[in-house]
>>> print(open('model31.csv').read())   # CSV, C-alpha atoms and all ligand atoms
chain,number,residue,atom,x,y,z
J,1,MET,CA,2.3,-16.5,8.6
J,2,SER,CA,2.5,-12.8,8.5
J,3,SER,CA,3.6,-12.4,12.1
J,4,ILE,CA,6.7,-14.5,11.3
J,5,ALA,CA,7.5,-12.3,8.3
J,6,ALA,CA,7.0,-9.2,10.4
J,7,THR,CA,9.4,-10.4,13.1
J,8,ALA,CA,11.9,-11.3,10.4
J,9,ALA,CA,11.8,-7.7,9.2
J,10,VAL,CA,13.3,-6.4,12.5
J,11,ASP,CA,17.1,-6.3,12.5
J,12,PRO,CA,18.0,-8.7,15.5
J,13,VAL,CA,21.3,-6.9,16.2
J,14,LYS,CA,19.7,-3.5,16.5
J,15,LEU,CA,16.8,-5.0,18.5
J,16,ASP,CA,19.4,-6.4,21.0
J,17,LYS,CA,21.0,-3.0,21.2
J,18,LEU,CA,17.6,-1.4,22.0
J,19,ALA,CA,17.2,-3.9,24.9
J,20,GLN,CA,20.7,-3.1,26.1
J,21,VAL,CA,19.9,0.7,26.0
J,22,ALA,CA,16.6,0.1,27.8
J,23,ILE,CA,18.3,-1.7,30.7
J,24,GLN,CA,21.7,0.2,30.9
J,25,VAL,CA,20.6,3.8,29.9
J,26,GLY,CA,16.8,3.8,30.3
J,27,LEU,CA,16.7,2.1,33.7
J,28,GLN,CA,20.3,1.8,34.8
J,29,LEU,CA,18.9,-1.4,36.5
J,30,GLN,CA,20.7,-2.2,39.7
J,31,ARG,CA,21.8,-5.6,41.0
J,32,GLY,CA,18.9,-7.1,43.0
J,33,GLN,CA,16.2,-4.9,41.6
J,34,ASP,CA,13.0,-6.6,40.4
J,35,LEU,CA,11.6,-5.5,37.1
J,36,VAL,CA,7.9,-5.1,36.2
J,37,LEU,CA,7.7,-5.3,32.4
J,38,THR,CA,4.5,-4.5,30.4
J,39,ALA,CA,4.3,-5.1,26.7
J,40,PRO,CA,1.9,-6.0,23.8
J,41,VAL,CA,2.3,-9.7,22.8
J,42,ALA,CA,3.5,-8.5,19.4
J,43,ALA,CA,6.6,-7.2,21.2
J,44,LEU,CA,7.6,-10.6,22.7
J,45,PRO,CA,10.9,-10.6,20.7
J,46,LEU,CA,12.0,-7.3,22.4
J,47,ALA,CA,10.6,-8.4,25.9
J,48,ARG,CA,12.8,-11.5,25.7
J,49,ARG,CA,16.0,-9.5,24.8
J,50,ILE,CA,15.2,-7.1,27.7
J,51,ALA,CA,14.8,-9.9,30.2
J,52,GLU,CA,18.2,-11.3,29.2
J,53,HIS,CA,19.9,-7.9,29.6
J,54,ALA,CA,18.0,-7.4,32.9
J,55,TYR,CA,19.2,-10.7,34.4
J,56,LYS,CA,22.8,-10.1,33.1
J,57,ALA,CA,22.6,-6.8,35.0
J,58,GLY,CA,21.7,-8.6,38.2
J,59,ALA,CA,17.9,-8.4,38.2
J,60,GLY,CA,16.2,-10.3,41.0
J,61,LEU,CA,13.0,-11.1,39.1
J,62,VAL,CA,11.7,-10.0,35.7
J,63,ILE,CA,7.9,-10.2,35.7
J,64,PRO,CA,6.3,-9.7,32.3
J,65,ILE,CA,2.6,-8.6,31.9
J,66,PHE,CA,1.3,-8.9,28.3
J,67,SER,CA,-1.7,-7.3,26.6
J,68,ASP,CA,-3.3,-8.4,23.4
J,69,GLU,CA,-5.2,-6.4,20.8
J,70,GLU,CA,-7.6,-9.2,20.0
J,71,ILE,CA,-8.5,-9.7,23.6
J,72,THR,CA,-9.0,-6.0,24.1
J,73,LEU,CA,-11.4,-5.9,21.1
J,74,SER,CA,-13.1,-9.0,22.4
J,75,ARG,CA,-14.1,-7.1,25.5
J,76,TYR,CA,-15.7,-4.3,23.5
J,77,ARG,CA,-17.6,-6.8,21.3
J,78,ASN,CA,-18.6,-9.4,23.9
J,79,ALA,CA,-18.4,-8.2,27.4
J,80,PRO,CA,-21.6,-7.1,29.4
J,81,ASP,CA,-22.1,-3.4,29.7
J,82,GLU,CA,-21.0,-3.3,33.4
J,83,SER,CA,-17.6,-4.6,32.3
J,84,PHE,CA,-16.7,-1.1,31.2
J,85,ASP,CA,-16.7,0.3,34.7
J,86,ARG,CA,-14.3,-2.3,35.9
J,87,ALA,CA,-10.5,-2.2,36.1
J,88,ALA,CA,-7.7,-4.5,37.5
J,89,GLY,CA,-7.2,-2.5,40.7
J,90,TRP,CA,-5.8,-5.7,42.4
J,91,LEU,CA,-3.1,-5.8,39.7
J,92,TYR,CA,-2.1,-2.1,40.1
J,93,GLU,CA,-2.1,-2.5,43.9
J,94,GLY,CA,0.4,-5.3,43.4
J,95,MET,CA,2.5,-3.0,41.1
J,96,ALA,CA,2.4,-0.2,43.6
J,97,LYS,CA,3.6,-2.6,46.3
J,98,ALA,CA,6.4,-3.8,44.0
J,99,PHE,CA,7.5,-0.2,43.4
J,100,SER,CA,7.4,0.5,47.2
J,101,GLY,CA,9.8,-2.5,47.4
J,102,ASN,CA,12.1,-0.7,44.8
J,103,ALA,CA,11.1,-2.7,41.7
J,104,ALA,CA,11.9,-0.9,38.4
J,105,ARG,CA,9.3,-0.4,35.7
J,106,LEU,CA,9.7,-0.8,32.0
J,107,ALA,CA,6.9,-0.4,29.4
J,108,ILE,CA,7.2,-1.5,25.8
J,109,ALA,CA,4.9,0.7,23.7
J,110,GLY,CA,3.7,-0.6,20.3
J,111,ASP,CA,-0.1,-0.9,20.4
J,112,ASN,CA,-2.1,0.1,17.4
J,113,PRO,CA,-2.9,3.8,18.1
J,114,MET,CA,-6.2,3.4,16.2
J,115,LEU,CA,-7.3,0.1,17.8
J,116,LEU,CA,-10.4,1.5,19.5
J,117,ALA,CA,-11.3,4.1,16.7
J,118,ALA,CA,-14.4,2.2,15.7
J,119,GLU,CA,-15.6,1.2,19.2
J,120,ASP,CA,-18.4,2.8,21.2
J,121,PRO,CA,-16.8,6.1,22.5
J,122,ASP,CA,-18.9,5.9,25.7
J,123,LYS,CA,-17.5,2.5,26.5
J,124,VAL,CA,-14.0,3.7,25.6
J,125,SER,CA,-14.2,6.7,27.9
J,126,ARG,CA,-15.8,4.7,30.8
J,127,ALA,CA,-13.1,2.0,30.5
J,128,ASN,CA,-10.4,4.7,30.4
J,129,ARG,CA,-11.8,6.5,33.4
J,130,ALA,CA,-12.1,3.3,35.5
J,131,ASN,CA,-8.6,2.3,34.5
J,132,SER,CA,-7.1,5.8,35.4
J,133,ILE,CA,-8.7,5.7,38.8
J,134,ALA,CA,-7.5,2.1,39.6
J,135,TYR,CA,-4.0,2.8,38.2
J,136,LYS,CA,-3.4,5.9,40.2
J,137,PRO,CA,-1.6,4.4,43.2
J,138,ALA,CA,0.9,2.8,40.8
J,139,LEU,CA,1.1,5.7,38.4
J,140,GLU,CA,1.9,8.2,41.2
J,141,LYS,CA,5.0,6.2,42.1
J,142,ILE,CA,6.1,6.4,38.5
J,143,THR,CA,5.3,10.1,37.7
J,144,GLY,CA,6.6,11.0,41.2
J,145,PHE,CA,9.9,9.3,40.3
J,146,ASP,CA,9.9,7.0,43.4
J,147,ILE,CA,11.7,4.4,41.2
J,148,ASN,CA,13.6,4.2,37.9
J,149,TRP,CA,11.3,3.7,34.9
J,150,ASN,CA,11.5,3.7,31.1
J,151,ILE,CA,9.4,3.4,28.0
J,152,VAL,CA,10.8,2.0,24.7
J,153,SER,CA,9.0,1.1,21.5
J,154,TYR,CA,8.6,-2.0,19.4
J,155,PRO,CA,7.3,-2.0,15.7
J,156,SER,CA,4.2,-4.0,16.1
J,157,PRO,CA,2.6,-4.9,12.7
J,158,SER,CA,-0.7,-3.0,13.6
J,159,TRP,CA,1.2,0.2,14.5
J,160,ALA,CA,3.5,-0.1,11.4
J,161,LYS,CA,0.4,-0.4,9.1
J,162,GLN,CA,-0.9,3.0,10.6
J,163,VAL,CA,2.4,4.7,9.9
J,164,PHE,CA,3.0,3.1,6.4
J,165,PRO,CA,-0.5,2.3,5.2
J,166,GLY,CA,0.6,1.8,1.6
J,167,ASP,CA,3.2,-0.9,2.3
J,168,PRO,CA,2.8,-4.7,2.8
J,169,GLU,CA,3.0,-5.6,6.5
J,170,ASP,CA,6.6,-6.9,6.6
J,171,VAL,CA,7.8,-3.8,4.6
J,172,ALA,CA,5.9,-1.5,7.0
J,173,VAL,CA,7.4,-3.2,10.0
J,174,GLY,CA,10.9,-3.0,8.6
J,175,LYS,CA,10.5,0.7,8.0
J,176,LEU,CA,9.0,1.5,11.4
J,177,ALA,CA,11.8,-0.6,13.0
J,178,ASP,CA,14.4,1.5,11.3
J,179,ALA,CA,12.7,4.7,12.3
J,180,ILE,CA,12.5,3.5,16.0
J,181,PHE,CA,16.2,2.4,15.9
J,182,THR,CA,17.4,5.7,14.5
J,183,ALA,CA,15.4,7.8,16.9
J,184,SER,CA,16.6,5.6,19.8
J,185,ARG,CA,20.2,5.9,18.6
J,186,VAL,CA,20.7,2.2,18.5
J,187,ASP,CA,21.9,2.3,14.8
J,188,LEU,CA,25.1,3.8,16.1
J,189,GLU,CA,28.3,1.9,16.9
J,190,ASP,CA,28.1,2.5,20.7
J,191,PRO,CA,24.6,3.5,21.6
J,192,VAL,CA,25.4,3.7,25.4
J,193,ALA,CA,28.1,6.3,24.7
J,194,ALA,CA,25.8,8.1,22.2
J,195,TRP,CA,23.2,8.5,25.0
J,196,ARG,CA,25.8,9.8,27.4
J,197,ASP,CA,26.7,12.5,24.9
J,198,HIS,CA,23.0,13.2,24.1
J,199,ASN,CA,22.1,13.5,27.8
J,200,ALA,CA,25.0,16.0,28.3
J,201,ALA,CA,23.8,18.1,25.4
J,202,LEU,CA,20.2,18.2,26.8
J,203,LYS,CA,21.6,19.1,30.3
J,204,ALA,CA,23.6,22.0,28.8
J,205,ARG,CA,20.3,23.3,27.3
J,206,HIS,CA,18.2,23.1,30.4
J,207,THR,CA,21.0,24.4,32.6
J,208,TRP,CA,21.2,27.5,30.3
J,209,LEU,CA,17.4,28.0,30.5
J,210,ASN,CA,17.3,27.5,34.3
J,211,GLU,CA,20.1,30.1,34.7
J,212,HIS,CA,18.1,32.6,32.7
J,213,ASN,CA,15.0,31.9,34.7
J,214,PHE,CA,12.8,33.6,32.1
J,215,HIS,CA,9.5,35.1,33.1
J,216,ALA,CA,7.9,34.1,29.7
J,217,LEU,CA,8.7,32.7,26.2
J,218,HIS,CA,7.5,34.5,23.1
J,219,PHE,CA,6.7,32.3,20.0
J,220,ARG,CA,6.5,34.0,16.6
J,221,GLY,CA,5.8,32.5,13.2
J,222,PRO,CA,3.1,32.0,10.6
J,223,GLY,CA,-0.2,32.0,12.4
J,224,THR,CA,1.5,32.2,15.7
J,225,ASP,CA,2.1,35.1,18.1
J,226,LEU,CA,2.0,33.6,21.6
J,227,THR,CA,3.4,34.6,24.9
J,228,VAL,CA,3.7,31.7,27.3
J,229,GLY,CA,4.3,32.9,30.9
J,230,LEU,CA,6.4,30.4,33.0
J,231,ALA,CA,5.3,29.2,36.4
J,232,ASP,CA,6.9,30.7,39.5
J,233,GLY,CA,9.9,28.5,40.5
J,234,HIS,CA,9.6,26.5,37.3
J,235,GLN,CA,12.5,24.2,36.5
J,236,TRP,CA,13.5,23.1,33.0
J,237,LYS,CA,14.2,19.4,32.6
J,238,GLY,CA,15.3,17.0,29.8
J,239,GLY,CA,17.1,13.7,29.2
J,240,ALA,CA,18.3,11.8,32.3
J,241,SER,CA,16.6,12.3,35.6
J,242,GLN,CA,17.4,11.1,39.1
J,243,SER,CA,14.6,9.1,40.9
J,244,LYS,CA,14.0,9.1,44.6
J,245,ASN,CA,15.7,5.7,44.9
J,246,GLY,CA,19.0,7.5,43.8
J,247,ILE,CA,19.2,5.9,40.4
J,248,THR,CA,19.5,8.1,37.3
J,249,CYS,CA,17.2,6.9,34.6
J,250,ASN,CA,16.2,8.0,31.1
J,251,PRO,CA,12.4,7.6,31.3
J,252,ASN,CA,11.7,8.2,27.6
J,253,ILE,CA,13.6,6.6,24.7
J,254,PRO,CA,13.7,8.4,22.4
J,255,THR,CA,13.7,11.9,23.9
J,256,GLU,CA,14.8,15.2,22.3
J,257,GLU,CA,12.9,17.8,24.4
J,258,VAL,CA,13.7,20.2,27.2
J,259,PHE,CA,10.5,21.1,29.0
J,260,THR,CA,9.0,23.0,31.9
J,261,THR,CA,5.7,24.3,33.4
J,262,PRO,CA,3.9,27.3,32.0
J,263,HIS,CA,1.9,29.6,34.3
J,264,ALA,CA,-1.7,28.5,34.1
J,265,LEU,CA,-2.9,32.2,34.2
J,266,ARG,CA,-0.3,33.9,32.0
J,267,VAL,CA,-0.6,32.7,28.4
J,268,ASP,CA,-1.8,35.2,25.8
J,269,GLY,CA,-2.1,35.4,22.0
J,270,TYR,CA,-2.7,33.0,19.2
J,271,VAL,CA,-1.0,29.8,18.0
J,272,ARG,CA,-1.3,27.4,15.0
J,273,SER,CA,-0.3,23.7,15.1
J,274,THR,CA,2.5,22.6,12.8
J,275,LYS,CA,1.7,18.8,12.7
J,276,PRO,CA,-1.5,16.8,13.1
J,277,LEU,CA,-2.5,15.5,16.5
J,278,ALA,CA,-3.6,11.9,16.8
J,279,HIS,CA,-6.0,11.6,19.7
J,280,GLN,CA,-7.6,8.3,20.6
J,281,GLY,CA,-8.3,7.3,17.0
J,282,THR,CA,-9.1,10.8,15.7
J,283,LEU,CA,-6.7,13.0,13.6
J,284,ILE,CA,-7.0,16.7,14.6
J,285,GLU,CA,-5.4,18.9,11.9
J,286,ASN,CA,-4.6,22.7,11.6
J,287,ILE,CA,-5.5,23.6,15.1
J,288,GLU,CA,-5.8,27.4,15.8
J,289,MET,CA,-6.1,28.5,19.4
J,290,ARG,CA,-6.4,31.9,21.0
J,291,PHE,CA,-5.5,32.4,24.7
J,292,GLU,CA,-6.5,35.0,27.2
J,293,ASP,CA,-5.1,35.1,30.7
J,294,GLY,CA,-4.0,31.5,30.3
J,295,ARG,CA,-7.3,30.1,29.0
J,296,ALA,CA,-7.9,28.8,25.5
J,297,VAL,CA,-11.0,31.0,24.7
J,298,GLU,CA,-11.2,29.9,21.0
J,299,ALA,CA,-10.2,26.6,19.4
J,300,LYS,CA,-10.6,25.7,15.7
J,301,ALA,CA,-9.3,22.9,13.5
J,302,SER,CA,-9.8,22.0,9.9
J,303,ARG,CA,-10.4,18.4,10.9
J,304,GLY,CA,-11.5,16.9,14.2
J,305,GLU,CA,-12.7,20.2,15.7
J,306,ALA,CA,-15.6,18.7,17.6
J,307,VAL,CA,-13.4,16.1,19.2
J,308,LEU,CA,-10.9,18.8,20.1
J,309,ASN,CA,-13.5,21.0,21.8
J,310,LYS,CA,-14.9,17.9,23.6
J,311,VAL,CA,-11.5,17.2,25.0
J,312,LEU,CA,-11.1,20.9,26.1
J,313,ASP,CA,-14.4,20.7,28.0
J,314,THR,CA,-13.1,17.7,30.1
J,315,ASP,CA,-12.5,20.0,33.1
J,316,GLU,CA,-11.5,23.6,33.9
J,317,GLY,CA,-7.8,22.8,33.6
J,318,ALA,CA,-8.2,21.2,30.1
J,319,ARG,CA,-8.2,24.7,28.5
J,320,ARG,CA,-4.9,25.8,30.1
J,321,LEU,CA,-1.3,24.7,29.5
J,322,GLY,CA,0.5,22.1,31.6
J,323,GLU,CA,3.8,21.9,29.6
J,324,VAL,CA,5.9,23.9,27.2
J,325,ALA,CA,8.7,22.0,25.4
J,326,LEU,CA,11.6,23.0,23.1
J,327,VAL,CA,12.8,20.7,20.4
J,328,PRO,CA,15.1,21.8,17.5
J,329,HIS,CA,13.7,21.4,14.0
J,330,SER,CA,16.9,19.4,13.1
J,331,SER,CA,16.0,16.6,15.7
J,332,PRO,CA,16.3,13.1,14.2
J,333,ILE,CA,12.6,12.4,14.6
J,334,SER,CA,11.7,15.6,12.9
J,335,LYS,CA,14.1,14.8,10.0
J,336,SER,CA,12.3,11.4,9.5
J,337,GLY,CA,9.2,13.5,8.4
J,338,LEU,CA,6.9,10.7,9.7
J,339,LEU,CA,3.8,11.0,11.8
J,340,PHE,CA,4.0,8.1,14.3
J,341,PHE,CA,0.6,8.5,15.9
J,342,ASN,CA,2.5,8.0,19.2
J,343,THR,CA,3.3,10.9,21.5
J,344,LEU,CA,6.6,9.4,22.6
J,345,PHE,CA,7.8,10.0,19.0
J,346,ASP,CA,5.6,12.9,17.7
J,347,GLU,CA,6.3,15.2,20.7
J,348,ASN,CA,10.0,14.8,20.0
J,349,ALA,CA,9.7,16.1,16.5
J,350,ALA,CA,8.9,19.7,17.3
J,351,CYS,CA,8.4,22.4,20.0
J,352,HIS,CA,5.1,21.7,21.7
J,353,ILE,CA,2.7,22.7,24.3
J,354,ALA,CA,0.4,20.5,26.3
J,355,MET,CA,-3.2,21.2,27.4
J,356,GLY,CA,-3.9,20.0,31.0
J,357,GLN,CA,-1.9,18.6,33.9
J,358,CYS,CA,1.5,19.9,34.7
J,359,TYR,CA,4.5,17.9,36.0
J,360,ALA,CA,5.4,18.5,39.7
J,361,ASP,CA,9.0,17.6,38.8
J,362,CYS,CA,9.2,20.8,36.6
J,363,PHE,CA,9.4,23.0,39.8
J,364,VAL,CA,12.4,23.7,41.9
J,365,GLY,CA,12.0,21.2,44.8
J,366,GLY,CA,8.9,19.8,43.0
J,367,LYS,CA,9.1,16.3,44.5
J,368,THR,CA,8.2,17.8,47.9
J,369,LEU,CA,5.6,20.4,46.9
J,370,SER,CA,1.9,19.8,47.7
J,371,PRO,CA,-0.7,20.1,44.9
J,372,GLU,CA,-1.9,23.3,46.6
J,373,GLN,CA,1.6,24.9,46.5
J,374,ILE,CA,2.0,23.8,42.9
J,375,ALA,CA,-1.3,25.5,42.0
J,376,ALA,CA,-0.3,28.7,43.9
J,377,GLN,CA,2.9,28.9,41.8
J,378,GLY,CA,0.9,28.7,38.6
J,379,GLY,CA,1.0,24.9,37.9
J,380,ASN,CA,-2.1,23.6,36.1
J,381,ARG,CA,-4.3,20.7,37.1
J,382,SER,CA,-6.5,18.5,34.9
J,383,LEU,CA,-7.4,14.9,34.1
J,384,ILE,CA,-5.9,15.3,30.6
J,385,HIS,CA,-2.4,16.0,29.3
J,386,ILE,CA,-2.3,16.4,25.6
J,387,ASP,CA,0.7,17.5,23.7
J,388,TRP,CA,0.4,19.3,20.3
J,389,MET,CA,3.1,20.6,18.0
J,390,ILE,CA,3.7,24.3,17.4
J,391,GLY,CA,7.4,24.2,16.2
J,392,SER,CA,8.8,24.4,12.7
J,393,ALA,CA,11.7,25.8,10.7
J,394,GLN,CA,9.8,29.1,10.6
J,395,ILE,CA,9.4,29.7,14.4
J,396,ASP,CA,11.4,32.2,16.4
J,397,ILE,CA,11.4,32.1,20.2
J,398,ASP,CA,12.6,34.8,22.6
J,399,GLY,CA,13.1,34.4,26.4
J,400,MET,CA,11.5,37.4,28.2
J,401,HIS,CA,12.6,38.7,31.5
J,402,LYS,CA,10.2,40.4,33.9
J,403,ASP,CA,11.6,43.9,33.0
J,404,GLY,CA,10.9,43.2,29.3
J,405,ALA,CA,14.5,42.4,28.3
J,406,ARG,CA,14.6,39.8,25.5
J,407,VAL,CA,17.1,37.0,24.8
J,408,PRO,CA,17.0,34.9,21.6
J,409,VAL,CA,16.3,31.2,22.4
J,410,MET,CA,15.5,29.8,19.0
J,411,ARG,CA,15.8,31.2,15.4
J,412,LYS,CA,14.2,29.5,12.4
J,413,GLY,CA,13.5,26.4,14.6
J,414,GLU,CA,17.1,26.0,15.9
J,415,TRP,CA,18.9,26.9,19.1
J,416,ALA,CA,20.0,30.6,18.9
G,1,ZN,ZN,6.8,17.1,26.1
G,2,ZN,ZN,3.7,16.2,27.4
>>> encode(input="model31.csv", output="structure tokens", more="lines below")
Ligand code: ZN
Ligand code: ZN
Amino acid sequence: MSSIAATAAVDPVKLDKLAQVAIQVGLQLQRGQDLVLTAPVAALPLARRIAEHAYKAGAGLVIPIFSDEEITLSRYRNAPDESFDRAAGWLYEGMAKAFSGNAARLAIAGDNPMLLAAEDPDKVSRANRANSIAYKPALEKITGFDINWNIVSYPSPSWAKQVFPGDPEDVAVGKLADAIFTASRVDLEDPVAAWRDHNAALKARHTWLNEHNFHALHFRGPGTDLTVGLADGHQWKGGASQSKNGITCNPNIPTEEVFTTPHALRVDGYVRSTKPLAHQGTLIENIEMRFEDGRAVEAKASRGEAVLNKVLDTDEGARRLGEVALVPHSSPISKSGLLFFNTLFDENAACHIAMGQCYADCFVGGKTLSPEQIAAQGGNRSLIHIDWMIGSAQIDIDGMHKDGARVPVMRKGEWA
């Protein structure tokens, strides 16, 4: 059957190294910690490798929770209407309780990014909303870094077919597997050492940016002349991060970005996207946005413009920025030249900005700031957080101090 051919297309040695990196670098799982593992059923081969590395690292319990695309679609096609306002709050309460007891969290990404593209958009948005509300108690412990957490990816056949539509399934899976392994640095002889070096390089970048404590960044390039004010007391981050339980984890594998919080009221000028944005089954291309006093007052796109503007009307904060991130054009993901339809990869291919919610952790002392304090310092608030790419080999970026002094940050897409 095709799923056996697809599994055979994934190099077992590199898959095992990816599991090792997830446990030893992504989580730094400690002896006695339980692990809550979520994954699509297609990712079972990786889930099993991860469980083995977790137990060898001393895990108390590894508890897998699987999702299945056919079962998800079955709900949309067969469930009664009232099903779409329901969510598994009881499951998420259990997860939150596990995190309060210091369990670690690992998610394997790999779902078909276009799975729900043909389903009733009203049902999709109701189900998303119900799920977001129910998931909040568990999600807050993750985004607040109460515990060590990590996301890695598996080349599921349905995802691979989106990225390589012209290839037979097993060929597509093999190609996506290689792209994931390269981006995750598990094609190297000693991936754990490679991640140590990569984390040190990212730390050097965000330390330099934090020392400069710029008032704003100025992006210039074709179709772009944008000044992004930075929030008061903003902090640049990237790579490894220490969670409140004292463990240093690498939440995203892969990761190439250093990122911080823009000021919600101080973004001005115009900007053009440099890569398509895949948003819930719609491709949005050639975005052009104009900002005044932090607000996107005009948004155009050559494709998907209606969807884009609907997203921007989600709430007041959806038209303002919650993140600005710097990624060199020479990053391995950028070099692959692929569109992954997955933010974990696509946002690491280019400099980007995100509409919507900011990260509390991107403020000095952010873990202890109240939402009101974050807002007062210029942090944005929204139900959405959508990254889109504005970097390329043609973009120059200056750091601007309050007195107008400029420092080159990037030239032609590379660190200056
Ligand atoms: Zn980002
Ligand atoms: Zn983001």
>>> closest_residue(input="model31.csv", among="J:Phe345, J:Phe164, J:Trp90, J:Phe363", to="Pro262 of chain J", atoms="all atoms listed in the file")
J:Phe363
>>> residues_near_ligand(input="model31.csv", ligand="ligand ZN 2 (chain G)", cutoff="7 Å", atoms="all atoms listed in the file", output="JSON, numbers by chain")
{"J": [323, 354, 385, 386, 387]}
>>> atom_distance(input="model31.csv", atom1="atom CA of Phe219 of chain J", atom2="atom CA of Leu202 of chain J")
20.7 Å
>>> atom_distance(input="model31.csv", atom1="atom CA of Arg86 of chain J", atom2="atom CA of Leu383 of chain J")
18.6 Å
>>> residues_around(input="model31.csv", residues="Lys275 of chain J", least_positions_apart="6", cutoff="8 Å", atoms="only C-alpha atoms", output="list in words")
Glu285, Asn286, Trp388, Met389 and Ile390 of chain J
>>> residues_near_ligand(input="model31.csv", ligand="ligand ZN 1 (chain G)", cutoff="12 Å", atoms="only C-alpha atoms and all ligand atoms", output="PyMOL selection string")
chain J and resi 236-239+252+254-261+321-327+343-355+357-359+362+385-390
>>> atom_distance(input="model31.csv", atom1="atom CA of Ser153 of chain J", atom2="atom CA of Ile180 of chain J")
6.9 Å
>>> closest_residue(input="model31.csv", among="J:Arg75, J:Lys136, J:Arg319, J:Arg196", to="Glu292 of chain J", atoms="all atoms listed in the file")
J:Arg319
>>> residues_around(input="model31.csv", residues="Asp81 of chain J", least_positions_apart="5", cutoff="12 Å", atoms="all atoms listed in the file", output="MDAnalysis selection string")
chainID J and resid 75:76 86 120 122:124 126:127
>>> closest_atom_pairs(input="model31.csv", of="segment 185-297 of chain J", to="segment 310-318 of chain J", cutoff="12 Å", atoms="only C-alpha atoms", output="JSON lines")
{"residue": "J:His263", "atom": "CA", "partner": "J:Gly317", "partner_atom": "CA", "distance": 11.9}
{"residue": "J:Ala264", "atom": "CA", "partner": "J:Gly317", "partner_atom": "CA", "distance": 8.4}
{"residue": "J:Leu265", "atom": "CA", "partner": "J:Gly317", "partner_atom": "CA", "distance": 10.6}
{"residue": "J:His279", "atom": "CA", "partner": "J:Val311", "partner_atom": "CA", "distance": 9.5}
{"residue": "J:Gln280", "atom": "CA", "partner": "J:Val311", "partner_atom": "CA", "distance": 10.7}
{"residue": "J:Thr282", "atom": "CA", "partner": "J:Val311", "partner_atom": "CA", "distance": 11.5}
{"residue": "J:Ile284", "atom": "CA", "partner": "J:Val311", "partner_atom": "CA", "distance": 11.3}
{"residue": "J:Met289", "atom": "CA", "partner": "J:Leu312", "partner_atom": "CA", "distance": 11.3}
{"residue": "J:Gly294", "atom": "CA", "partner": "J:Gly317", "partner_atom": "CA", "distance": 10.1}
{"residue": "J:Arg295", "atom": "CA", "partner": "J:Gly317", "partner_atom": "CA", "distance": 8.6}
{"residue": "J:Ala296", "atom": "CA", "partner": "J:Leu312", "partner_atom": "CA", "distance": 8.5}
{"residue": "J:Val297", "atom": "CA", "partner": "J:Leu312", "partner_atom": "CA", "distance": 10.2}
>>> residues_around(input="model31.csv", residues="Asn148 of chain J", least_positions_apart="3", cutoff="7 Å", atoms="all atoms listed in the file", output="PyMOL selection string")
chain J and resi 27+104-105+145+243+247+249
>>> residues_around(input="model31.csv", residues="segment 12-21 of chain J", least_positions_apart="4", cutoff="7 Å", atoms="all atoms listed in the file", output="list in words")
Val25, Gly26, Leu46, Arg49, Ile50, His53, Phe181, Val186, Asp187 and Val192 of chain J
>>> residues_around(input="model31.csv", residues="Tyr154 of chain J", least_positions_apart="6", cutoff="10 Å", atoms="all atoms listed in the file", output="short mmCIF file (atom, residue, chain, number, x, y, z; two decimals) with C-alpha atoms, in the coordinates of the input")
data_model
loop_
_atom_site.label_atom_id
_atom_site.label_comp_id
_atom_site.auth_asym_id
_atom_site.auth_seq_id
_atom_site.Cartn_x
_atom_site.Cartn_y
_atom_site.Cartn_z
CA VAL J 10 13.30 -6.40 12.50
CA LEU J 15 16.80 -5.00 18.50
CA LEU J 18 17.60 -1.40 22.00
CA ALA J 39 4.30 -5.10 26.70
CA PRO J 40 1.90 -6.00 23.80
CA ALA J 42 3.50 -8.50 19.40
CA ALA J 43 6.60 -7.20 21.20
CA LEU J 44 7.60 -10.60 22.70
CA PRO J 45 10.90 -10.60 20.70
CA LEU J 46 12.00 -7.30 22.40
CA ALA J 47 10.60 -8.40 25.90
CA ILE J 108 7.20 -1.50 25.80
CA ALA J 109 4.90 0.70 23.70
CA GLY J 110 3.70 -0.60 20.30
CA ASP J 111 -0.10 -0.90 20.40
CA ALA J 160 3.50 -0.10 11.40
CA VAL J 173 7.40 -3.20 10.00
CA LEU J 176 9.00 1.50 11.40
CA ALA J 177 11.80 -0.60 13.00
CA ILE J 180 12.50 3.50 16.00
CA PHE J 181 16.20 2.40 15.90
#
>>> closest_residue(input="model31.csv", among="J:Pro332, J:Pro191, J:Gly391, J:Gly378", to="Thr224 of chain J", atoms="all atoms listed in the file")
J:Gly391
>>> closest_residue(input="model31.csv", among="J:Leu116, J:Leu338, J:Val152, J:Ala240", to="Gln28 of chain J", atoms="only C-alpha atoms")
J:Ala240
>>> closest_residue(input="model31.csv", among="J:Ser184, J:Pro328, J:Arg272, J:Ala204", to="Gly223 of chain J", atoms="all atoms listed in the file")
J:Arg272
>>> build_atoms(input="model31.csv", residues="segment 371-375 of chain J", atoms="N, CA and C atoms", output="compact mmCIF listing (two decimals), in the frame of the given file")
# COMPACT_ATOMS: atom_id res chain seq x y z
N PRO J 371 0.11 19.62 46.09
CA PRO J 371 -0.70 20.10 44.90
C PRO J 371 -1.13 21.54 45.10
N GLU J 372 -1.42 21.96 46.34
CA GLU J 372 -1.90 23.30 46.60
C GLU J 372 -0.74 24.33 46.32
N GLN J 373 0.49 23.98 46.77
CA GLN J 373 1.60 24.90 46.50
C GLN J 373 1.91 24.98 45.02
N ILE J 374 1.81 23.83 44.32
CA ILE J 374 2.00 23.80 42.90
C ILE J 374 1.04 24.75 42.17
N ALA J 375 -0.22 24.66 42.58
CA ALA J 375 -1.30 25.50 42.00
C ALA J 375 -0.99 26.98 42.29
